[in-house]
Every structure is written in structure tokens, then in C-alpha cells.
file entry_27.txt (compact mmCIF, C-alpha atoms)
# COMPACT_ATOMS: atom_id res chain seq x y z
CA MET A 1 0.00 0.00 0.00
CA PRO A 2 1.45 3.44 -0.90
CA ASP A 3 2.61 5.69 1.90
CA VAL A 4 -0.16 8.00 3.12
CA GLN A 5 2.07 11.06 2.81
CA VAL A 6 2.65 10.20 -0.85
CA LEU A 7 -1.10 9.96 -1.40
CA VAL A 8 -1.60 13.34 0.29
CA ASN A 9 1.09 15.00 -1.83
CA ASP A 10 -0.31 13.53 -5.06
CA PHE A 11 -3.80 14.74 -4.20
CA VAL A 12 -2.49 18.22 -3.35
CA VAL A 13 -0.85 18.39 -6.78
CA LYS A 14 -4.10 17.37 -8.46
CA LEU A 15 -5.99 20.09 -6.59
CA ARG A 16 -3.46 22.76 -7.47
CA LYS A 17 -3.47 21.83 -11.15
CA ARG A 18 -7.30 21.60 -11.21
CA LYS A 19 -7.12 18.03 -12.53
CA ILE A 20 -10.26 16.97 -10.62
CA GLU A 21 -13.44 18.31 -12.19
CA GLY A 22 -16.67 18.62 -10.24
CA SER A 23 -17.48 18.98 -6.57
CA LYS A 24 -18.76 15.41 -6.32
CA ALA A 25 -15.53 13.80 -7.54
CA THR A 26 -13.48 16.16 -5.37
CA ALA A 27 -15.57 15.42 -2.27
CA LYS A 28 -15.43 11.66 -2.79
CA GLN A 29 -11.67 11.56 -3.32
CA THR A 30 -11.13 13.82 -0.30
CA ALA A 31 -13.17 11.48 1.90
CA GLU A 32 -11.28 8.44 0.60
CA LEU A 33 -7.94 10.12 1.31
CA LEU A 34 -8.96 11.06 4.86
CA ARG A 35 -10.12 7.48 5.40
CA SER A 36 -6.61 6.30 4.51
CA VAL A 37 -5.11 8.88 6.88
CA ILE A 38 -7.31 7.70 9.75
CA SER A 39 -6.63 4.04 9.00
CA SER A 40 -2.86 4.52 9.12
CA GLN A 41 -2.87 6.74 12.20
CA ARG A 42 -1.39 5.28 15.40
CA ILE A 43 -3.66 6.21 18.31
CA PRO A 44 -2.23 6.78 21.80
CA HIS A 45 -3.82 5.36 24.94
CA THR A 46 -5.06 8.78 26.01
CA ASN A 47 -6.85 11.45 23.99
CA GLN A 48 -7.50 9.10 21.06
CA ALA A 49 -10.02 11.39 19.38
CA GLY A 50 -7.69 14.35 19.75
CA ALA A 51 -4.94 12.49 17.91
CA LEU A 52 -7.27 11.68 15.03
CA ILE A 53 -8.54 15.26 14.88
CA ASP A 54 -5.00 16.66 14.79
CA ALA A 55 -4.04 14.27 11.98
CA VAL A 56 -7.11 15.13 9.90
CA LYS A 57 -6.67 18.86 10.47
CA ALA A 58 -3.02 18.71 9.42
CA VAL A 59 -3.93 17.04 6.14
CA GLY A 60 -7.06 19.15 5.66
CA GLU A 61 -5.10 22.36 5.98
CA LYS A 62 -2.89 21.32 3.06
CA LEU A 63 -5.84 20.28 0.91
CA ILE A 64 -7.78 23.50 1.49
CA ALA A 65 -4.74 25.65 0.75
CA ALA A 66 -4.15 23.75 -2.51
CA ASN A 67 -7.47 24.87 -4.00
CA PRO A 68 -9.39 27.35 -1.80
CA VAL A 69 -12.10 27.84 -4.43
CA GLU A 70 -13.17 24.18 -4.26
CA LEU A 71 -15.19 24.50 -1.06
CA ALA A 72 -16.16 20.81 -1.14
CA VAL A 73 -12.68 19.92 0.14
CA GLY A 74 -13.14 21.93 3.34
CA ASN A 75 -16.68 20.63 3.70
CA ILE A 76 -15.55 17.00 3.73
CA VAL A 77 -12.66 17.75 6.11
CA ARG A 78 -15.11 19.33 8.56
CA ARG A 79 -17.58 16.48 8.10
CA VAL A 80 -14.90 13.93 9.02
CA LEU A 81 -13.87 15.98 12.06
CA HIS A 82 -17.50 16.06 13.15
CA ILE A 83 -17.72 12.28 12.69
CA ILE A 84 -14.70 11.77 14.97
CA ARG A 85 -16.23 13.93 17.68
CA GLU A 86 -19.61 12.20 17.41
CA GLU A 87 -18.14 8.69 17.57
CA ASP A 88 -15.94 9.61 20.52
CA LEU A 89 -18.93 11.09 22.35
CA SER A 90 -20.95 7.97 21.60
CA LEU A 91 -18.28 5.70 23.08
CA ALA A 92 -17.91 7.95 26.14
CA THR A 93 -21.68 7.93 26.66
CA ALA A 94 -21.76 4.15 26.39
CA ALA A 95 -18.94 3.88 28.92
CA ILE A 96 -20.79 6.13 31.38
CA GLY A 97 -23.93 4.07 30.88
CA GLY A 98 -22.00 0.92 31.74
CA LEU A 99 -20.64 2.54 34.90
CA ASN A 100 -24.09 3.60 35.98
CA LEU A 101 -25.48 0.12 35.40
CA SER A 102 -22.74 -1.48 37.46
CA ALA A 103 -23.12 1.09 40.25
CA GLY A 104 -26.93 1.11 40.39
CA SER A 105 -28.02 -2.19 41.96
CA ASP A 106 -30.56 -3.10 44.64
CA ASP A 107 -29.95 -3.64 48.35
CA GLU A 108 -29.61 -7.42 48.07
CA ASP A 109 -26.72 -7.04 45.65
CA ASP A 110 -25.11 -4.60 48.05
CA ILE A 111 -25.28 -7.22 50.82
CA ASP A 112 -23.84 -9.93 48.57
CA ARG A 113 -20.95 -7.73 47.56
CA GLY A 114 -19.84 -7.24 51.14
CA ASP A 115 -16.62 -5.19 51.16
CA GLN A 116 -16.43 -4.89 47.38
CA PRO A 117 -15.71 -1.22 46.51
CA VAL A 118 -18.58 0.73 44.95
CA LEU A 119 -18.07 3.20 42.12
CA SER A 120 -18.30 6.73 43.42
CA ALA A 121 -19.83 9.75 41.75
CA ALA A 122 -16.30 11.04 41.21
CA ALA A 123 -15.48 7.98 39.10
CA VAL A 124 -18.57 8.50 36.97
CA ALA A 125 -17.72 12.18 36.56
CA ALA A 126 -14.17 11.31 35.56
CA ALA A 127 -15.50 8.98 32.88
CA ALA A 128 -17.77 11.73 31.62
CA ARG A 129 -14.89 14.09 30.95
CA SER A 130 -14.30 14.65 27.28
CA THR A 131 -11.43 12.61 25.92
CA LEU A 132 -10.60 15.44 23.56
CA ARG A 133 -8.90 17.25 26.47
CA PRO A 134 -6.00 15.84 28.49
CA PRO A 135 -6.62 15.47 32.27
CA SER A 136 -5.89 18.54 34.35
CA LEU A 137 -3.38 18.65 37.23
CA GLN A 138 -6.24 18.91 39.71
CA THR A 139 -7.80 15.76 38.28
CA LEU A 140 -4.52 13.87 38.59
CA LEU A 141 -4.08 14.99 42.20
CA GLU A 142 -7.65 14.01 43.04
CA ASP A 143 -7.23 10.56 41.54
CA ALA A 144 -3.81 9.91 43.07
CA PRO A 145 -4.92 9.16 46.71
CA HIS A 146 -7.67 6.86 45.48
CA SER A 147 -5.24 4.98 43.25
CA ALA A 148 -2.74 4.68 46.09
CA ALA A 149 -5.37 3.27 48.43
CA LEU A 150 -6.44 0.70 45.88
CA HIS A 151 -2.81 -0.27 45.37
CA ARG A 152 -2.28 -0.83 49.10
CA THR A 153 -5.41 -2.95 49.55
CA SER A 154 -4.90 -5.07 46.42
CA SER A 155 -1.17 -5.10 45.74
CA SER A 156 -1.25 -8.71 44.64
CA GLY A 157 -3.82 -8.00 41.94
CA GLY A 158 -2.29 -4.72 40.79
CA ASP A 159 -0.51 -6.12 37.78
CA SER A 160 -3.58 -7.90 36.48
CA GLU A 161 -5.71 -4.81 36.98
CA GLY A 162 -3.19 -2.68 35.09
CA LYS A 163 -3.15 -5.13 32.24
CA SER A 164 -6.95 -5.10 32.18
CA LYS A 165 -7.07 -1.31 32.00
CA SER A 166 -4.46 -1.29 29.25
CA ALA A 167 -6.46 -3.85 27.30
CA ASP A 168 -9.61 -1.77 27.76
CA LYS A 169 -7.85 1.32 26.42
CA ASN A 170 -6.51 -0.57 23.42
CA SER A 171 -9.94 -2.00 22.74
CA ARG A 172 -11.55 1.44 22.97
CA SER A 173 -8.99 3.02 20.64
CA ARG A 174 -9.50 0.25 18.08
CA LYS A 175 -13.27 0.61 18.38
CA LEU A 176 -13.05 4.39 17.92
CA LYS A 177 -11.00 4.05 14.75
CA HIS A 178 -13.29 1.28 13.45
CA ASN A 179 -16.43 3.33 14.09
CA VAL A 180 -14.94 6.43 12.45
CA ILE A 181 -13.89 4.48 9.34
CA GLU A 182 -17.35 2.92 9.08
CA ALA A 183 -18.95 6.37 9.33
CA VAL A 184 -16.60 7.74 6.66
CA ASN A 185 -17.55 4.81 4.43
CA GLU A 186 -21.18 5.80 4.84
CA LEU A 187 -20.26 9.37 3.92
CA ILE A 188 -18.53 8.16 0.75
CA GLN A 189 -21.60 6.09 -0.11
CA ASP A 190 -23.85 9.13 0.40
CA ILE A 191 -21.67 11.20 -1.93
CA THR A 192 -21.70 8.44 -4.54
CA THR A 193 -25.50 8.12 -4.55
CA CYS A 194 -26.40 11.79 -4.08
CA HIS A 195 -27.54 12.21 -7.71
CA GLU A 196 -29.87 9.23 -7.42
CA GLN A 197 -31.29 10.47 -4.12
CA ILE A 198 -32.00 13.90 -5.59
CA SER A 199 -33.46 12.48 -8.82
CA GLU A 200 -36.00 10.41 -6.90
CA GLN A 201 -37.71 13.67 -5.89
CA ALA A 202 -38.10 14.93 -9.46
CA VAL A 203 -41.65 13.63 -9.90
CA GLU A 204 -42.75 15.71 -6.88
CA HIS A 205 -41.63 18.99 -8.45
CA ILE A 206 -42.00 18.64 -12.23
CA HIS A 207 -45.52 18.29 -13.64
CA HIS A 208 -47.15 17.85 -17.04
CA ASN A 209 -46.82 20.59 -19.68
CA GLU A 210 -44.43 22.68 -17.64
CA VAL A 211 -41.51 24.67 -19.04
CA ILE A 212 -38.23 24.34 -17.14
CA LEU A 213 -35.31 26.75 -17.53
CA THR A 214 -31.71 25.88 -16.67
CA LEU A 215 -28.27 27.28 -17.44
CA GLY A 216 -25.01 25.59 -18.29
CA ASN A 217 -24.31 21.90 -17.82
CA SER A 218 -25.00 20.22 -14.47
CA ARG A 219 -25.10 16.45 -14.17
CA THR A 220 -27.40 16.74 -11.16
CA VAL A 221 -29.88 18.79 -13.19
CA MET A 222 -29.63 16.42 -16.15
CA GLU A 223 -30.41 13.32 -14.06
CA PHE A 224 -33.20 15.20 -12.28
CA LEU A 225 -34.88 16.07 -15.57
CA LEU A 226 -34.39 12.59 -17.01
CA ALA A 227 -35.86 11.01 -13.87
CA ALA A 228 -39.01 13.11 -14.33
CA LYS A 229 -39.25 11.99 -17.95
CA GLU A 230 -38.95 8.34 -16.92
CA LYS A 231 -41.98 8.89 -14.69
CA LYS A 232 -43.97 9.81 -17.81
CA ARG A 233 -43.86 13.56 -17.18
CA SER A 234 -44.24 15.59 -20.38
CA PHE A 235 -42.44 18.95 -20.20
CA ARG A 236 -40.16 21.26 -22.17
CA VAL A 237 -36.69 22.53 -21.24
CA PHE A 238 -35.09 25.88 -22.07
CA VAL A 239 -31.30 25.69 -21.79
CA ALA A 240 -29.30 28.93 -21.58
CA GLU A 241 -26.03 28.20 -23.32
CA GLY A 242 -23.76 29.31 -20.46
CA ALA A 243 -21.21 31.50 -22.26
CA PRO A 244 -18.28 31.73 -22.64
CA ARG A 245 -17.67 27.96 -22.39
CA TYR A 246 -21.13 27.14 -23.78
CA GLU A 247 -21.64 24.10 -21.57
CA GLY A 248 -25.38 24.42 -22.14
CA HIS A 249 -24.83 23.03 -25.62
CA VAL A 250 -23.57 19.76 -24.09
CA LEU A 251 -26.60 19.50 -21.80
CA ALA A 252 -29.03 20.27 -24.62
CA LYS A 253 -27.50 17.60 -26.83
CA GLU A 254 -27.79 15.02 -24.05
CA LEU A 255 -31.41 15.90 -23.29
CA VAL A 256 -32.41 15.67 -26.93
CA ALA A 257 -30.69 12.28 -27.23
CA ARG A 258 -32.88 11.09 -24.32
CA GLY A 259 -36.07 12.34 -25.99
CA LEU A 260 -36.72 15.60 -24.12
CA GLN A 261 -38.06 18.66 -25.97
CA THR A 262 -35.23 21.16 -25.62
CA THR A 263 -34.71 24.76 -26.73
CA VAL A 264 -31.32 26.48 -26.57
CA ILE A 265 -31.34 30.22 -25.85
CA THR A 266 -28.60 32.78 -25.35
CA ASP A 267 -27.84 33.98 -21.85
CA SER A 268 -28.96 37.49 -22.75
CA ALA A 269 -32.41 36.14 -23.77
CA VAL A 270 -33.26 34.87 -20.26
CA PHE A 271 -35.28 37.98 -19.33
CA ALA A 272 -37.17 37.80 -22.61
CA MET A 273 -38.09 34.11 -22.13
CA ILE A 274 -38.61 33.92 -18.37
CA SER A 275 -42.31 34.87 -18.58
CA ARG A 276 -42.97 31.56 -20.39
CA VAL A 277 -41.18 29.50 -17.73
CA ASN A 278 -42.85 27.67 -14.85
CA MET A 279 -39.71 26.86 -12.87
CA VAL A 280 -35.96 27.46 -12.91
CA ILE A 281 -33.87 24.42 -11.90
CA VAL A 282 -30.11 24.87 -11.60
CA GLY A 283 -27.09 23.24 -9.98
CA ALA A 284 -24.65 24.82 -7.55
CA HIS A 285 -20.96 24.91 -6.81
CA ALA A 286 -21.55 25.44 -3.08
CA VAL A 287 -24.31 26.38 -0.64
CA MET A 288 -23.20 28.81 2.06
CA ALA A 289 -24.31 28.92 5.69
CA ASN A 290 -26.69 31.84 5.09
CA GLY A 291 -28.48 30.03 2.26
CA GLY A 292 -26.60 31.87 -0.48
CA VAL A 293 -25.36 29.94 -3.51
CA VAL A 294 -22.01 29.96 -5.27
CA ALA A 295 -22.98 28.96 -8.80
CA PRO A 296 -21.65 29.12 -12.38
CA VAL A 297 -21.37 32.63 -13.74
CA GLY A 298 -24.63 33.96 -15.16
CA LEU A 299 -26.96 32.38 -12.61
CA ASN A 300 -27.39 35.55 -10.57
CA MET A 301 -28.91 37.16 -13.66
CA VAL A 302 -31.26 34.19 -14.05
CA ALA A 303 -32.22 34.38 -10.36
CA LEU A 304 -33.02 38.09 -10.67
CA ALA A 305 -35.20 37.43 -13.71
CA ALA A 306 -37.03 34.64 -11.89
CA LYS A 307 -37.62 36.86 -8.87
CA ARG A 308 -38.92 39.65 -11.07
CA HIS A 309 -41.48 37.34 -12.72
CA ALA A 310 -42.31 35.32 -9.57
CA VAL A 311 -40.89 32.11 -11.04
CA PRO A 312 -39.64 29.54 -8.48
CA PHE A 313 -35.84 29.31 -8.42
CA VAL A 314 -34.87 25.78 -7.33
CA VAL A 315 -31.28 24.75 -6.55
CA LEU A 316 -30.16 21.12 -6.65
CA ALA A 317 -27.18 20.33 -4.41
CA GLY A 318 -25.83 17.35 -2.53
CA ILE A 319 -25.17 17.72 1.17
CA HIS A 320 -21.42 17.60 0.47
CA LYS A 321 -21.82 21.04 -1.14
CA LEU A 322 -23.20 22.54 2.08
CA CYS A 323 -20.51 24.86 3.44
CA PRO A 324 -20.70 25.93 7.11
CA LEU A 325 -18.98 29.25 6.37
CA TYR A 326 -20.51 32.59 5.43
CA PRO A 327 -19.67 34.47 2.22
CA HIS A 328 -17.93 37.25 4.15
CA ASN A 329 -15.69 34.79 6.02
CA PRO A 330 -11.98 35.49 5.35
CA GLU A 331 -11.35 31.82 4.58
CA VAL A 332 -13.90 31.78 1.76
CA LEU A 333 -12.68 32.45 -1.76
CA LEU A 334 -15.84 32.79 -3.83
CA ASN A 335 -14.36 33.21 -7.28
CA GLU A 336 -11.47 32.61 -9.60
CA LEU A 337 -10.60 33.93 -13.05
CA LYS A 338 -10.51 31.64 -16.05
CA SER A 339 -8.37 32.03 -19.14
CA PRO A 340 -9.13 35.08 -21.34
CA SER A 341 -8.88 32.78 -24.37
CA ASP A 342 -12.45 31.64 -23.63
CA LEU A 343 -13.61 35.15 -24.58
CA LEU A 344 -11.21 36.49 -27.18
CA ASP A 345 -8.75 35.22 -29.74
CA PHE A 346 -5.25 36.30 -28.75
CA GLY A 347 -4.14 36.58 -32.36
CA GLU A 348 -7.00 38.87 -33.38
CA PHE A 349 -6.68 41.19 -30.37
CA SER A 350 -2.91 40.97 -29.78
CA ASP A 351 -2.35 44.60 -30.71
CA CYS A 352 -4.58 45.97 -27.96
CA MET A 353 -4.53 43.36 -25.16
CA ASP A 354 -2.73 43.76 -21.86
CA PHE A 355 -0.34 40.81 -21.37
CA GLY A 356 0.95 42.05 -18.04
CA CYS A 357 4.03 43.72 -19.53
CA GLY A 358 3.09 47.13 -18.15
CA ALA A 359 2.93 48.88 -21.52
CA SER A 360 0.53 51.82 -21.37
CA SER A 361 -0.55 51.37 -25.00
CA HIS A 362 -2.34 48.08 -24.20
CA LEU A 363 -5.74 49.25 -22.99
CA LEU A 364 -7.84 46.07 -23.31
CA HIS A 365 -8.23 43.95 -20.17
CA VAL A 366 -10.14 40.65 -20.19
CA VAL A 367 -11.90 39.40 -17.04
CA ASN A 368 -13.44 35.93 -17.10
CA PRO A 369 -14.88 34.99 -13.66
CA ALA A 370 -15.97 31.41 -13.05
CA PHE A 371 -18.74 31.87 -10.49
CA ASP A 372 -21.66 34.04 -9.42
CA TYR A 373 -23.05 34.55 -5.94
CA VAL A 374 -26.82 34.21 -5.60
CA PRO A 375 -28.16 35.66 -2.30
CA PRO A 376 -30.66 33.56 -0.32
CA ARG A 377 -33.53 35.99 -0.95
CA LEU A 378 -33.51 34.89 -4.61
CA VAL A 379 -33.67 31.14 -3.84
CA SER A 380 -37.07 29.47 -3.48
CA LEU A 381 -36.05 25.92 -2.54
CA PHE A 382 -33.04 23.66 -2.10
CA ILE A 383 -33.43 20.03 -3.12
CA THR A 384 -30.74 17.87 -1.53
CA ASP A 385 -30.24 14.15 -1.07
CA THR A 386 -31.97 14.51 2.30
CA GLY A 387 -35.07 16.27 0.90
CA GLY A 388 -36.30 19.76 0.11
CA HIS A 389 -35.32 22.67 2.36
CA ASN A 390 -35.98 26.39 2.47
CA PRO A 391 -32.96 28.72 2.58
CA SER A 392 -33.86 29.62 6.17
CA TYR A 393 -33.43 25.95 7.18
CA ILE A 394 -29.81 25.68 6.07
CA TYR A 395 -28.52 26.59 9.53
CA ARG A 396 -30.24 23.51 10.97
CA LEU A 397 -28.52 21.26 8.46
CA ILE A 398 -25.18 22.82 9.39
CA THR A 399 -25.67 22.00 13.07
CA ASP A 400 -26.46 18.40 12.11
CA TYR A 401 -23.40 17.85 9.92
CA TYR A 402 -20.71 20.14 11.35
CA SER A 403 -19.20 21.04 14.70
CA ALA A 404 -18.63 24.65 15.70
CA ASP A 405 -15.09 23.73 16.84
CA ASP A 406 -14.11 22.74 13.31
CA LEU A 407 -15.20 25.78 11.31
CA GLU A 408 -11.63 27.12 11.20
CA VAL A 409 -9.43 24.32 9.90
CA GLN A 410 -6.54 26.49 8.80
CA ARG A 411 -4.32 27.82 11.56
CA ARG A 412 -3.97 31.59 11.68
CA PRO A 413 -0.39 32.89 11.82
CA VAL A 414 0.62 34.21 15.21
CA SER A 415 1.61 37.86 15.02
call {"tool": "encode", "arguments": {"input": "entry_27.txt", "output": "C-alpha cells"}}
result
Amino acid sequence: MPDVQVLVNDFVVKLRKRKIEGSKATAKQTAELLRSVISSQRIPHTNQAGALIDAVKAVGEKLIAANPVELAVGNIVRRVLHIIREEDLSLATAAIGGLNLSAGSDDEDDIDRGDQPVLSAAAVAAAARSTLRPPSLQTLLEDAPHSAALHRTSSSGGDSEGKSKSADKNSRSRKLKHNVIEAVNELIQDITTCHEQISEQAVEHIHHNEVILTLGNSRTVMEFLLAAKEKKRSFRVFVAEGAPRYEGHVLAKELVARGLQTTVITDSAVFAMISRVNMVIVGAHAVMANGGVVAPVGLNMVALAAKRHAVPFVVLAGIHKLCPLYPHNPEVLLNELKSPSDLLDFGEFSDCMDFGCGASSHLLHVVNPAFDYVPPRLVSLFITDTGGHNPSYIYRLITDYYSADDLEVQRRPVS
């Protein structure tokens, strides 16, 4: 099996060179890499969850820095951190429950036990302490007299008791790692099947004789529309071409090949055609914590047109695209610039383009942003693999899938 550090470095290179296309593929490969990191991590006897969290954060910081625009990377890193905390809390709760069961018996059992020591409330409280924090000096001093007394009364059985405790710690650390890996496997499975889960809801939202508008090329949107057609829904699709890369042409060709009535329109014709549309269905690059959407460039214009004509604006997005950060967060990079060659031919405009040489005679600058930001007030509904949600409900989903302690993965430099 390749060294984990080699796998991390290779994945960092792929992110920097933008060799992985699509948030779904990026999220899945990120989860698989973090699973390998967790599997290879040696866990100490104490603070097992803390060791896993530190290892995941160290790798996650490199991945996020490699491609800050791909927010799905940070989302998966935070999801895995949340999984570690949840599994550790579950094991700690189970341990406390076992202590309470052994300590809470009836009077007859107390008589049968005789001089057998009974678990005190201090022992239960000690077990309840979070394993994410090392024990304090006060805790060690409080436990020392009790440990010394037990050692004096049962010196002959001290070695066996120590071995038993060591075995229990090893068993718990192995169980923690096993549970975390199983949960990460479930996360990978959810990412893999997110398109199918979203498509199953298509028949609930698309009805007969409706006109659907979309922009660009989104696989989630394509499978959503095709799923509605398979359920014998008869409808028409307007596809805005999505300049300057014209990805809408690819989507339109695929829909026509599957037997859907499709009309291609220019992006500038959206306002002219929106009055004939019953619903706008689009994909997303990321869904922010406030319900705003980072989407392919041009979608903000479509959302404004839909709002103006009271047309529902529906966003399809897997849960792995849900980002717990806000658009104004310093860690969030909402946009990046693509090559100017998508807009203009260098040969035709070479005499007036600015190539960064500083010459004052070159007055033409070309800006080609990749994404738009759509505010939550323009979004009618989110359809995810867990169901439909209003923009105002996004904060509840964030509390279910992320921990507040993991929002800042990257360490800030100390001034």
C-alpha cells in the first residue's frame, strides 16, 4: 500500500493543477484520502479522538490551501472531524452508561458484595470528561490518593488490573478508529449516490406541460430532468447556453438524445423568455451557511429574472456542497478567473490586449470569472439528497453535519 504522505502530496498536486473536475468527484476523493489517513494513524492510549482530529486537520489544511475555491474539500474535512467527535462522544456515553449500570443495583446485591468497593460519583464524573482534552493537574491529584489506596489494599492484583485497563484502552482506541472508518464509508456512499437520491424527488416537483429553464451543464440537473421523464412527465426545457464555455450546448444535446423537448437560448435572452417558464432548476458549486449559492457565472442574472417574474428558483445540491462558512468569512474564496482565451482570440486582439508587460498602449483587459453569488432571498427551494429545504433551514442542516469547533481548519499565523 502506498505511503499516506505520498497519497496526500499527489492529491495536493491534483488540486493545485485543477485536474479533478466537479465537486462530487473532489468530495469523494477527499473522503477516501482522509479514510486512509485515519486508517494509518497510530492512536495513543489517552486522547485518542484528539490524535485523530490533529491528523485530519493537518492534512485538511494542506488540501484546502491547494485549491481554496473548491469548497467541497473543506466541507468534507469538517464532516470527518464532526464524525470523529460524534463517535468519541458515543463511546464515552456508552462507557458512562456501563458505569451507571454497574453502580446502580438493589440492596440485596449490596449485601452480597460485602466489602467490594462501589463506584463513586467522582469515578462516573471522571469517565464523563471529554477525551478530547487531556486530564488537568487537579484531576490527577484528586485521583492519586484513590489509586494509592487501591494499590495498598490489592497489591497482589495490581498487575492484572493494570493489564486489564491497558487492554480496555486498546480495545476502545481500536473501536473508535473502526467506528470512524465505518462512518466515513457511509459518507462516501452518500456522496456516490447523491444524484440518485435527488433524482427520486423529481416527480414531486416537475408536472405535465411545464416549461423548465436551466443554465449551463449540471449532471445533477440532467439526471433530475431525465428522472421526471422516466416517470412519464411531459415537459419542455429551455437551456441557456452558459457563455463563454457554452456548456449548455452539451446539456441540450444530451437531453435531446434522451427524448426531451429542448430549446437552446442565449444567456442574454433569459429575461425575454422567463415569462414563459414555470420553474428554474439549476445546480450549484456550493451552498453557504446563510443560504446563499455559489454557482456558475450567469446564474445571478437568471435568479433576478425569476424573482422579477415570480418564477420559483430551485437549486439542486448534494449535502457535500453545504458549506458551514458565510460568504464574508476570510477563509472563503468565492471566485477565480478563467483564461481570457475563452472570450477572445489572442491573435486577433494581440495589438490591444494587456499581457501584463506594463505597456501603457495596451488598454484592453479581459476578465473571465468562473462563479456568481446568488443571495438567499432569490432562492425558493433547495433540493438535496436529504429532501427539500428552504434557505432559512440551512442553519439547521449545518448543526447536524458540522461542529462549531471545526469551522476554522486552517491555523492563523501568530503575530
call {"tool": "atom_distance", "arguments": {"input": "entry_27.txt", "atom1": "CA of Val237 in chain A", "atom2": "CA of Arg258 in chain A"}}
result
12.4 Å
call {"tool": "atom_distance", "arguments": {"input": "entry_27.txt", "atom1": "CA of Ile83 in chain A", "atom2": "CA of Val314 in chain A"}}
result
29.6 Å
call {"tool": "residues_around", "arguments": {"input": "entry_27.txt", "residues": "range 182-196 of chain A", "least_positions_apart": "5", "cutoff": "7 Å", "atoms": "all atoms listed in the file", "output": "list in words"}}
result
Lys24, Lys28, Ala31, Arg35, Val80, Ile83, Thr220, Gly318, His320 and Asp385 of chain A
call {"tool": "write_last_selection", "arguments": {"input": "entry_27.txt", "atoms": "C-alpha atoms", "output": "PDB file, in the frame of the given file"}}
result
ATOM      1  CA  LYS A  24     -18.760  15.410  -6.320  1.00  0.00           C
ATOM      2  CA  LYS A  28     -15.430  11.660  -2.790  1.00  0.00           C
ATOM      3  CA  ALA A  31     -13.170  11.480   1.900  1.00  0.00           C
ATOM      4  CA  ARG A  35     -10.120   7.480   5.400  1.00  0.00           C
ATOM      5  CA  VAL A  80     -14.900  13.930   9.020  1.00  0.00           C
ATOM      6  CA  ILE A  83     -17.720  12.280  12.690  1.00  0.00           C
ATOM      7  CA  THR A 220     -27.400  16.740 -11.160  1.00  0.00           C
ATOM      8  CA  GLY A 318     -25.830  17.350  -2.530  1.00  0.00           C
ATOM      9  CA  HIS A 320     -21.420  17.600   0.470  1.00  0.00           C
ATOM     10  CA  ASP A 385     -30.240  14.150  -1.070  1.00  0.00           C
TER      11      ASP A 385
END
call {"tool": "closest_residue", "arguments": {"input": "entry_27.txt", "among": "A:Ala240, A:Val73, A:Leu344, A:Val56", "to": "Ala286 in chain A", "atoms": "all atoms listed in the file"}}
result
A:Val73
call {"tool": "closest_residue", "arguments": {"input": "entry_27.txt", "among": "A:Asn47, A:Ala66, A:Arg42, A:Glu331", "to": "Val13 in chain A", "atoms": "all atoms listed in the file"}}
result
A:Ala66
call {"tool": "closest_residue", "arguments": {"input": "entry_27.txt", "among": "A:Leu343, A:Val4, A:Ala72, A:Leu91", "to": "Asn179 in chain A", "atoms": "all atoms listed in the file"}}
result
A:Leu91
call {"tool": "atom_distance", "arguments": {"input": "entry_27.txt", "atom1": "CA of Glu86 in chain A", "atom2": "CA of His328 in chain A"}}
result
28.4 Å
call {"tool": "closest_residue", "arguments": {"input": "entry_27.txt", "among": "A:Thr46, A:Asn390, A:Gln201, A:Thr266", "to": "Leu215 in chain A", "atoms": "only C-alpha atoms"}}
result
A:Thr266
call {"tool": "closest_atom_pairs", "arguments": {"input": "entry_27.txt", "of": "range 280-327 of chain A", "to": "range 377-383 of chain A", "cutoff": "7 Å", "atoms": "only C-alpha atoms", "output": "tab-separated table"}}
result
residue	atom	partner	partner_atom	distance
A:Ala303	CA	A:Leu378	CA	5.9
A:Leu304	CA	A:Leu378	CA	6.9
A:Lys307	CA	A:Leu378	CA	6.2
A:Pro312	CA	A:Ser380	CA	5.6
A:Phe313	CA	A:Ser380	CA	5.1
A:Val314	CA	A:Leu381	CA	4.9
A:Val315	CA	A:Phe382	CA	4.9
A:Leu316	CA	A:Ile383	CA	4.9
A:Ala317	CA	A:Ile383	CA	6.4
call {"tool": "closest_residue", "arguments": {"input": "entry_27.txt", "among": "A:Val302, A:Leu333, A:Ala243, A:Ile319", "to": "Asp400 in chain A", "atoms": "only C-alpha atoms"}}
result
A:Ile319
